[in-house]
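What follows is the content of structure_34.cif (mmCIF, C-alpha atoms).
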```cif
data_work
#
loop_
_atom_site.label_atom_id
_atom_site.label_comp_id
_atom_site.auth_asym_id
_atom_site.auth_seq_id
_atom_site.Cartn_x
_atom_site.Cartn_y
_atom_site.Cartn_z
CA MET A 31 0.00 0.00 0.00
CA GLN A 32 1.30 3.42 -0.93
CA VAL A 33 1.91 5.76 2.00
CA TYR A 34 2.53 9.46 2.27
CA ASN A 35 6.28 10.07 2.46
CA ILE A 36 7.42 13.29 0.81
CA GLU A 37 11.11 14.07 0.39
CA ILE A 38 12.90 17.41 -0.11
CA LYS A 39 15.07 17.20 -3.23
CA ASN A 40 18.14 19.39 -3.59
CA VAL A 41 17.61 21.18 -6.90
CA LEU A 42 21.28 22.23 -7.20
CA PRO A 43 22.62 18.99 -8.76
CA ILE A 44 19.61 18.93 -11.09
CA LEU A 45 20.43 22.40 -12.36
CA THR A 46 24.12 21.50 -12.72
CA ASP A 47 23.27 18.44 -14.82
CA LEU A 48 20.90 20.48 -16.99
CA VAL A 49 23.66 22.92 -17.95
CA GLU A 50 25.34 20.22 -20.04
CA SER A 51 22.02 18.92 -21.38
CA ILE A 52 21.07 22.37 -22.63
CA ARG A 53 24.51 23.06 -24.12
CA ASN A 54 24.60 19.78 -26.03
CA PHE A 55 20.98 19.30 -27.09
CA ASN A 56 19.99 20.08 -30.65
CA ASP A 57 17.02 18.41 -32.31
CA SER A 58 15.81 19.11 -35.83
CA GLN A 59 13.67 15.97 -36.05
CA ASN A 60 10.74 16.90 -33.83
CA ILE A 61 8.10 19.53 -34.63
CA TYR A 62 6.47 21.53 -31.84
CA LEU A 63 2.99 22.93 -32.48
CA SER A 64 1.81 25.62 -30.06
CA ARG A 65 -0.76 28.36 -29.69
CA THR A 66 0.03 32.02 -30.21
CA TYR A 67 -1.26 35.03 -28.32
CA ASP A 68 -2.11 38.48 -29.62
CA GLY A 69 0.55 40.91 -28.50
CA SER A 70 2.73 38.16 -27.02
CA THR A 71 6.23 37.04 -27.91
CA LEU A 72 5.33 33.40 -27.30
CA ALA A 73 6.61 30.65 -29.60
CA PRO A 74 7.33 29.98 -32.33
CA GLY A 75 10.80 30.88 -31.18
CA THR A 76 11.62 29.37 -27.79
CA LEU A 77 12.38 25.81 -28.82
CA LYS A 78 13.78 26.78 -32.21
CA LYS A 79 16.25 29.32 -30.81
CA ALA A 80 17.38 27.25 -27.85
CA PHE A 81 17.16 23.67 -29.08
CA GLY A 82 16.81 23.65 -32.88
CA ILE A 83 13.34 22.11 -32.78
CA LYS A 84 11.08 23.02 -35.67
CA GLU A 85 8.02 25.01 -34.61
CA ALA A 86 4.65 25.63 -36.19
CA LYS A 87 1.33 27.16 -35.26
CA LEU A 88 -1.20 24.79 -33.76
CA PRO A 89 -4.20 24.48 -36.11
CA GLU A 90 -7.18 26.48 -34.84
CA PHE A 91 -9.41 23.43 -34.80
CA LEU A 92 -7.16 21.74 -32.24
CA THR A 93 -7.18 24.89 -30.12
CA ASN A 94 -10.99 24.72 -30.16
CA LEU A 95 -10.73 21.10 -28.98
CA GLY A 96 -8.81 22.29 -25.94
CA VAL A 97 -5.35 21.19 -27.12
CA ARG A 98 -2.55 23.49 -25.97
CA SER A 99 0.45 22.00 -27.81
CA LEU A 100 1.69 18.91 -29.63
CA THR A 101 5.07 17.43 -30.45
CA LEU A 102 5.30 15.45 -33.69
CA SER A 103 8.15 13.02 -34.08
CA SER A 104 7.85 10.74 -37.10
CA PRO A 105 9.40 11.28 -40.55
CA TYR A 106 5.96 11.83 -42.06
CA ALA A 107 4.74 14.17 -39.34
CA GLU A 108 4.81 17.30 -41.48
CA ASP A 109 2.99 15.51 -44.29
CA ALA A 110 0.38 14.24 -41.84
CA LEU A 111 -0.24 17.78 -40.65
CA SER A 112 -0.57 19.16 -44.17
CA ARG A 113 -3.07 16.43 -45.06
CA CYS A 114 -5.34 17.24 -42.12
CA ALA A 115 -8.29 19.38 -43.19
CA PHE A 116 -10.19 19.03 -39.89
CA ASP A 117 -13.44 19.18 -41.83
CA VAL A 118 -16.33 19.74 -39.39
CA GLY A 119 -19.11 19.79 -41.96
CA GLU A 120 -20.68 22.25 -44.32
CA GLY A 121 -21.57 25.72 -43.18
CA GLY A 122 -18.61 26.05 -40.85
CA ASN A 123 -20.28 24.17 -38.02
CA ARG A 124 -18.79 25.56 -34.80
CA SER A 125 -20.52 23.23 -32.38
CA ASN A 126 -18.42 22.23 -29.41
CA ARG A 127 -19.99 18.79 -28.98
CA TRP A 128 -17.97 15.82 -30.17
CA SER A 129 -21.01 13.93 -31.49
CA GLU A 130 -21.89 16.87 -33.75
CA ILE A 131 -18.45 17.58 -35.21
CA LYS A 132 -17.02 14.11 -35.64
CA SER A 133 -17.04 12.42 -39.04
CA GLU A 134 -15.08 9.64 -40.72
CA LYS A 135 -12.91 12.24 -42.46
CA LEU A 136 -12.23 14.16 -39.26
CA ILE A 137 -11.34 11.03 -37.33
CA ALA A 138 -9.05 9.91 -40.16
CA ASP A 139 -7.28 13.29 -40.16
CA LEU A 140 -6.86 13.32 -36.40
CA SER A 141 -5.66 9.70 -36.44
CA ASP A 142 -2.96 10.58 -38.97
CA LEU A 143 -1.85 13.47 -36.80
CA PHE A 144 -1.91 11.73 -33.43
CA ARG A 145 -0.16 8.67 -34.85
CA ALA A 146 2.83 10.97 -35.31
CA CYS A 147 2.59 12.54 -31.81
CA ARG A 148 4.96 12.22 -28.89
CA THR A 149 3.47 14.75 -26.46
CA ILE A 150 -0.04 16.18 -26.15
CA ALA A 151 -0.72 19.04 -23.72
CA PHE A 152 -4.27 20.16 -23.00
CA ASP A 153 -5.65 23.55 -22.02
CA ASP A 154 -7.18 24.29 -18.61
CA TRP A 155 -10.19 21.98 -18.44
CA ALA A 156 -12.39 24.47 -16.58
CA ASN A 157 -11.92 27.10 -19.31
CA VAL A 158 -12.85 24.97 -22.35
CA ALA A 159 -16.55 24.57 -23.16
CA ASN A 160 -17.61 20.90 -23.19
CA SER A 161 -14.00 19.88 -22.61
CA SER A 162 -14.92 16.57 -20.96
CA ASP A 163 -17.07 15.58 -23.92
CA LEU A 164 -14.43 16.64 -26.45
CA TRP A 165 -11.52 14.91 -24.71
CA ASN A 166 -13.48 11.74 -24.09
CA GLY A 167 -14.47 11.67 -27.78
CA LEU A 168 -10.87 12.26 -28.82
CA LEU A 169 -9.77 9.43 -26.56
CA SER A 170 -12.49 6.99 -27.65
CA ASP A 171 -12.51 7.61 -31.40
CA VAL A 172 -8.94 8.64 -32.15
CA ILE A 173 -6.34 7.81 -29.50
CA ARG A 174 -7.61 4.45 -28.24
CA PRO A 175 -7.94 2.89 -31.74
CA LEU A 176 -4.32 3.83 -32.49
CA GLN A 177 -3.29 1.30 -29.82
CA LYS A 178 -0.34 3.43 -28.79
CA ASN A 179 0.96 3.36 -25.24
CA ASP A 180 3.96 5.69 -25.56
CA LEU A 181 2.26 9.08 -25.61
CA GLU A 182 2.99 11.79 -23.04
CA PHE A 183 -0.14 13.62 -21.87
CA ILE A 184 -0.13 16.85 -19.88
CA PHE A 185 -3.37 18.05 -18.28
CA TYR A 186 -4.26 21.24 -16.42
CA LEU A 187 -7.49 21.44 -14.45
CA GLY A 188 -7.98 25.18 -13.98
CA ASP A 189 -10.38 26.37 -11.30
CA PRO A 190 -12.63 23.42 -10.29
CA ALA A 191 -15.03 25.80 -8.53
CA LYS A 192 -16.27 26.84 -11.99
CA ARG A 193 -17.84 23.41 -12.50
CA LEU A 194 -20.25 21.13 -10.63
CA PHE A 195 -19.07 18.22 -8.50
CA PHE A 196 -20.19 15.53 -10.95
CA GLN A 197 -18.36 17.33 -13.77
CA VAL A 198 -15.16 17.45 -11.73
CA ASP A 199 -15.52 13.78 -10.83
CA GLU A 200 -16.10 12.92 -14.49
CA ILE A 201 -13.00 14.68 -15.80
CA LEU A 202 -10.78 12.99 -13.21
CA ASP A 203 -12.04 9.64 -14.52
CA ILE A 204 -11.44 10.69 -18.12
CA ILE A 205 -7.90 11.88 -17.39
CA SER A 206 -7.24 8.59 -15.61
CA GLU A 207 -8.38 6.71 -18.75
CA PHE A 208 -5.72 8.50 -20.80
CA SER A 209 -3.09 6.81 -18.62
CA LYS A 210 -3.86 3.52 -20.40
CA HIS A 211 -2.32 4.98 -23.54
CA GLY A 212 0.80 6.68 -22.19
CA GLN A 213 2.20 8.71 -19.32
CA VAL A 214 -0.10 11.29 -17.73
CA THR A 215 1.12 14.34 -15.81
CA PHE A 216 -1.72 16.16 -14.05
CA CYS A 217 -0.87 19.75 -13.09
CA LEU A 218 -2.44 22.11 -10.54
CA ASP A 219 -1.38 25.27 -8.81
CA GLU A 220 -1.85 25.21 -5.05
CA SER A 221 -5.11 27.18 -5.17
CA GLU A 222 -6.62 24.81 -7.74
CA ALA A 223 -5.41 21.82 -5.72
CA VAL A 224 -7.02 22.93 -2.48
CA LYS A 225 -10.27 23.80 -4.26
CA LEU A 226 -10.25 20.39 -5.92
CA TRP A 227 -9.78 18.66 -2.58
CA MET A 228 -12.66 20.64 -1.09
CA VAL A 229 -14.98 19.91 -4.03
CA LEU A 230 -14.17 16.18 -3.83
CA ASN A 231 -14.81 16.18 -0.08
CA GLY A 232 -18.12 18.04 -0.23
CA GLU A 233 -16.83 21.34 1.14
CA ARG A 234 -17.40 24.79 -0.29
CA PRO A 235 -14.24 25.95 -2.12
CA ASP A 236 -14.26 29.39 -0.46
CA TYR A 237 -11.09 29.47 1.57
CA THR A 238 -7.70 31.11 1.99
CA LEU A 239 -4.49 29.11 1.74
CA ASN A 240 -3.40 30.55 5.07
CA ALA A 241 -6.17 28.53 6.67
CA PHE A 242 -4.15 25.33 6.19
CA ALA A 243 -0.80 24.27 7.59
CA LEU A 244 1.77 23.22 4.98
CA SER A 245 1.82 19.64 6.27
CA ASP A 246 -1.97 19.51 5.99
CA LEU A 247 -1.85 20.82 2.42
CA LYS A 248 0.64 18.15 1.39
CA ARG A 249 -1.60 15.41 2.76
CA LYS A 250 -4.56 16.86 0.87
CA TYR A 251 -2.51 16.80 -2.33
CA PHE A 252 -1.58 13.17 -1.68
CA SER A 253 -5.24 12.25 -1.26
CA ILE A 254 -5.98 13.79 -4.68
CA PHE A 255 -3.29 11.60 -6.22
CA LYS A 256 -4.79 8.51 -4.63
CA THR A 257 -8.22 9.24 -6.15
CA MET A 258 -6.80 9.09 -9.69
CA THR A 259 -4.82 6.77 -11.92
CA VAL A 260 -2.12 9.06 -13.29
CA ASP A 261 1.62 8.70 -13.47
CA GLN A 262 2.37 11.92 -11.63
CA LEU A 263 0.55 14.75 -9.97
CA LEU A 264 2.41 18.06 -10.09
CA ILE A 265 1.36 20.84 -7.73
CA TYR A 266 3.23 24.11 -7.61
CA SER A 267 3.22 27.31 -5.60
CA VAL A 268 5.30 30.44 -6.08
CA ASN A 269 8.03 28.84 -3.94
CA ASP A 270 8.14 25.17 -4.81
CA ALA A 271 6.89 22.28 -6.93
CA LEU A 272 5.59 19.04 -5.43
CA VAL A 273 5.36 15.72 -7.23
CA TYR A 274 3.40 12.63 -6.25
CA SER A 275 3.91 9.38 -8.18
CA GLU A 276 3.92 5.66 -7.50
CA ASP A 277 7.65 5.50 -6.87
CA GLN A 278 8.49 8.93 -5.48
CA GLN A 279 7.07 11.93 -3.66
CA PHE A 280 9.21 15.02 -3.46
CA VAL A 281 9.37 18.81 -3.39
CA LEU A 282 11.69 21.08 -5.39
CA THR A 283 12.41 24.67 -4.43
CA ARG A 284 11.56 27.07 -7.26
CA LYS A 285 13.28 30.28 -8.25
CA VAL A 286 10.77 32.98 -7.27
CA VAL A 287 9.68 35.19 -10.17
CA ASP A 288 7.77 38.46 -10.39
CA TYR A 289 4.02 38.20 -9.89
CA ASN A 290 3.31 39.44 -13.42
CA ILE A 291 5.41 36.61 -14.85
CA GLU A 292 3.69 34.06 -12.62
CA ILE A 293 0.19 34.97 -13.81
CA ALA A 294 1.00 35.82 -17.45
CA SER A 295 -1.43 34.40 -20.02
CA ASP A 296 1.34 32.37 -21.64
CA ALA A 297 3.00 31.20 -18.40
CA ARG A 298 1.73 27.63 -18.55
CA ASP A 299 2.49 27.34 -22.26
CA ASN A 300 6.10 28.38 -21.65
CA PHE A 301 6.43 25.92 -18.78
CA ILE A 302 5.08 23.13 -21.00
CA ALA A 303 7.54 24.04 -23.76
CA GLY A 304 10.45 23.41 -21.39
CA PHE A 305 8.79 20.42 -19.74
CA THR A 306 8.36 18.88 -23.21
CA ILE A 307 12.11 19.10 -23.85
CA GLY A 308 12.64 16.93 -20.79
CA LEU A 309 10.11 14.41 -22.09
CA ILE A 310 11.81 14.31 -25.50
CA LEU A 311 15.13 13.66 -23.75
CA GLN A 312 13.40 10.97 -21.63
CA LEU A 313 14.61 12.63 -18.44
CA ASP A 314 13.34 11.94 -14.96
CA ILE A 315 10.35 14.06 -13.90
CA ARG A 316 12.64 16.21 -11.70
CA TYR A 317 14.58 17.39 -14.72
CA CYS A 318 11.44 17.90 -16.80
CA ILE A 319 10.00 20.19 -14.13
CA ALA A 320 13.25 22.12 -13.75
CA LEU A 321 13.49 22.61 -17.53
CA GLY A 322 9.90 23.82 -17.58
CA LEU A 323 10.62 26.34 -14.84
CA ILE A 324 13.80 27.49 -16.58
CA VAL A 325 12.09 28.16 -19.92
CA PHE A 326 9.10 29.75 -18.19
CA GLY A 327 11.22 31.96 -15.97
CA SER A 328 13.72 32.97 -18.64
CA HIS A 329 10.96 33.81 -21.10
CA GLY A 330 9.18 35.90 -18.51
CA GLU A 331 12.27 37.82 -17.36
CA ASN A 332 13.44 38.57 -20.91
CA ASN A 333 9.94 39.08 -22.32
CA SER A 334 11.09 37.20 -25.41
CA SER A 335 11.87 33.68 -26.57
CA PRO A 336 15.12 32.66 -24.84
CA ASP A 337 18.13 31.12 -26.58
CA LYS A 338 20.65 28.78 -24.95
CA ASP A 339 22.65 31.62 -23.43
CA ASP A 340 19.50 33.05 -21.84
CA LEU A 341 18.59 29.68 -20.34
CA LEU A 342 22.10 29.11 -19.00
CA ALA A 343 22.14 32.62 -17.50
CA TYR A 344 18.82 31.89 -15.78
CA ILE A 345 20.23 28.68 -14.30
CA GLU A 346 23.25 30.60 -13.02
CA LYS A 347 20.99 33.12 -11.27
CA TRP A 348 18.91 30.29 -9.81
CA ILE A 349 22.05 28.62 -8.43
CA ILE A 350 23.16 31.93 -6.90
CA ASP A 351 19.76 32.19 -5.18
CA LEU A 352 20.15 28.64 -3.84
CA ASN A 353 23.51 29.49 -2.31
CA LYS A 354 22.04 32.30 -0.26
CA GLU A 355 21.90 31.61 3.46
CA ASP A 356 18.10 31.37 3.70
CA ALA A 357 17.99 28.75 0.93
CA ILE A 358 20.81 26.57 2.25
CA SER A 359 18.78 25.78 5.39
CA LEU A 360 16.27 23.87 3.26
CA TYR A 361 18.79 21.09 2.68
CA GLN A 362 20.14 20.71 6.19
#
```

Please go through the file and, once you have read it, give me the structure as structure tokens.
Amino acid sequence: MQVYNIEIKNVLPILTDLVESIRNFNDSQNIYLSRTYDGSTLAPGTLKKAFGIKEAKLPEFLTNLGVRSLTLSSPYAEDALSRCAFDVGEGGNRSNRWSEIKSEKLIADLSDLFRACRTIAFDDWANVANSSDLWNGLLSDVIRPLQKNDLEFIFYLGDPAKRLFFQVDEILDIISEFSKHGQVTFCLDESEAVKLWMVLNGERPDYTLNAFALSDLKRKYFSIFKTMTVDQLLIYSVNDALVYSEDQQFVLTRKVVDYNIEIASDARDNFIAGFTIGLILQLDIRYCIALGLIVFGSHGENNSSPDKDDLLAYIEKWIIDLNKEDAISLYQ
């Protein structure tokens, strides 16, 4: 039986190892598809400048399905993308119900695309209309028939207080089903995590984080993990990142960033861009998280897509912060 046993990980050796990984990594085989924002300097740019990965705009239809980004990895990936028309019927049908938009042609197009995928990151569930229906349809009609089990899925919940209890319960089951076809990382910030725990336990999600002791919060997070079947639950605050999985439970100290960077509209997308690099390199979850935080933080501080030198400079500043007296006490 799995028991609660969280460990504090020293992030310093992780950052030191990542210096060489970033210096040496160059990948022109994969293609990263991501959203763009009006008035933002978000990718394309980050992965191309720093790692040589080809980048392209995510098709609007996939954005409407609640997909945040994809990584394509096969030799025919670009051809598969160009063949996909995402035809949703005559008259420009904009329905957001899977049963009304799906067709044999659409499923064939999506199957071609997802057959070439390595990573699939989804938007905040609470912010996408009919997201449970769309993602369940995508799973049932496209992903499951592919019979792949090597995909990397990244899910964000968003604010669970925006939805009813049965809807929250339903999406947790759907996300758990995705784990049968690859690795699932389920991400929450600490506010979303506490609200989720309260919704699942029949309590009103009107609270302040200060109402809970840190040890109590960590046990609540662990109980969320136990209610699902996912490979890892990632919960982060402005100070740290906590991970719960079958074989490890640990906390990493984050480099604190300005509030405006933390809440930026593209913050999660930039984190996922870095996190995805770790997945491509098949690194341990600790390194994936650190890479995500490095790309996110560097992008936010520079207000532009970082190159390798920017990322290495950010790591250097993070290490300097760790060597300050108040940080050293965390590892004693």

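Nearest residue to A:Lys79, choosing from A:Val273, A:Leu342, A:Pro336, A:Asn54 and counting only C-alpha atoms: A:Pro336.
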
Item to complete: Take the PyMOL selection byres ((chain A and resi 337) around 9), apply it to the structure above, and return the hits as a count of residues only.
Response: 14

Worksheet entry | Surrounding residues of stretch 317-324 of chain A excluding itself and chain neighbours under 4 positions, 10 Å, all atoms listed in the file, as a VMD selection string | chain A and resid 41 44 to 45 47 to 48 52 264 271 to 273 282 to 285 297 to 313 328 to 330 336 340 to 345 348

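Excluding stretch 225-232 of chain A itself and any same-chain residue fewer than 3 positions from it, the protein and nucleic acid residues within 8 Å of it, counting only C-alpha atoms, are A:Asp189, A:Pro190, A:Ala191, A:Phe195, A:Asp199, A:Ser221, A:Glu222, A:Pro235, A:Asp236, A:Lys250, A:Tyr251, A:Ser253, A:Ile254.
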
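With only C-alpha atoms as the basis for measurement, A:Ser129 is the residue among A:Ser129, A:Thr257, A:Ser209, A:Thr215 that approaches A:Leu168 most closely.
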
Item to complete: Carefully work through the PyMOL selection byres ((chain A and resi 203-206) around 6) for this structure and note down the residues it includes, as a VMD selection string.
Response: chain A and resid 200 to 202 207 to 209 258 to 260

Worksheet item: Separation of atom CA of A:Asn166 and atom CA of A:Glu130, in Å?
Response: 13.8 Å

Near stretch 178-185 of chain A, within 7 Å and counting only C-alpha atoms, which residues show up once chain neighbours fewer than 4 positions away are dropped, as an mmCIF file with C-alpha atoms, in the frame of the given file?
```cif
data_model
loop_
_atom_site.group_PDB
_atom_site.id
_atom_site.type_symbol
_atom_site.label_atom_id
_atom_site.label_comp_id
_atom_site.auth_asym_id
_atom_site.auth_seq_id
_atom_site.Cartn_x
_atom_site.Cartn_y
_atom_site.Cartn_z
ATOM 1 C CA ARG A 148 4.960 12.220 -28.890
ATOM 2 C CA THR A 149 3.470 14.750 -26.460
ATOM 3 C CA ILE A 150 -0.040 16.180 -26.150
ATOM 4 C CA ALA A 151 -0.720 19.040 -23.720
ATOM 5 C CA PHE A 152 -4.270 20.160 -23.000
ATOM 6 C CA LYS A 210 -3.860 3.520 -20.400
ATOM 7 C CA HIS A 211 -2.320 4.980 -23.540
ATOM 8 C CA GLY A 212 0.800 6.680 -22.190
ATOM 9 C CA GLN A 213 2.200 8.710 -19.320
ATOM 10 C CA VAL A 214 -0.100 11.290 -17.730
ATOM 11 C CA THR A 215 1.120 14.340 -15.810
ATOM 12 C CA PHE A 216 -1.720 16.160 -14.050
ATOM 13 C CA CYS A 217 -0.870 19.750 -13.090
#
```

Practice prompt. Name the residues that the PyMOL selection byres ((chain A and resi 116) around 9) pulls out of this structure, and write them as a PyMOL selection string.
Written response: chain A and resi 89+91-92+114-115+117-118+135-137+139-140

Discussion item. Counting all atoms listed in the file, I want the residues whose atoms come within 8 Å of (-13.8, 18.1, -19.3) in the file frame, returned as a PyMOL selection string.
Written reply: chain A and resi 155-156+158+160-166+197-198+200-201+204

Discussion item. Would you compute the distance between atom CA of A:Val49 and atom CA of A:Glu292? Give it in Å to one decimal.
Written reply: 23.5 Å
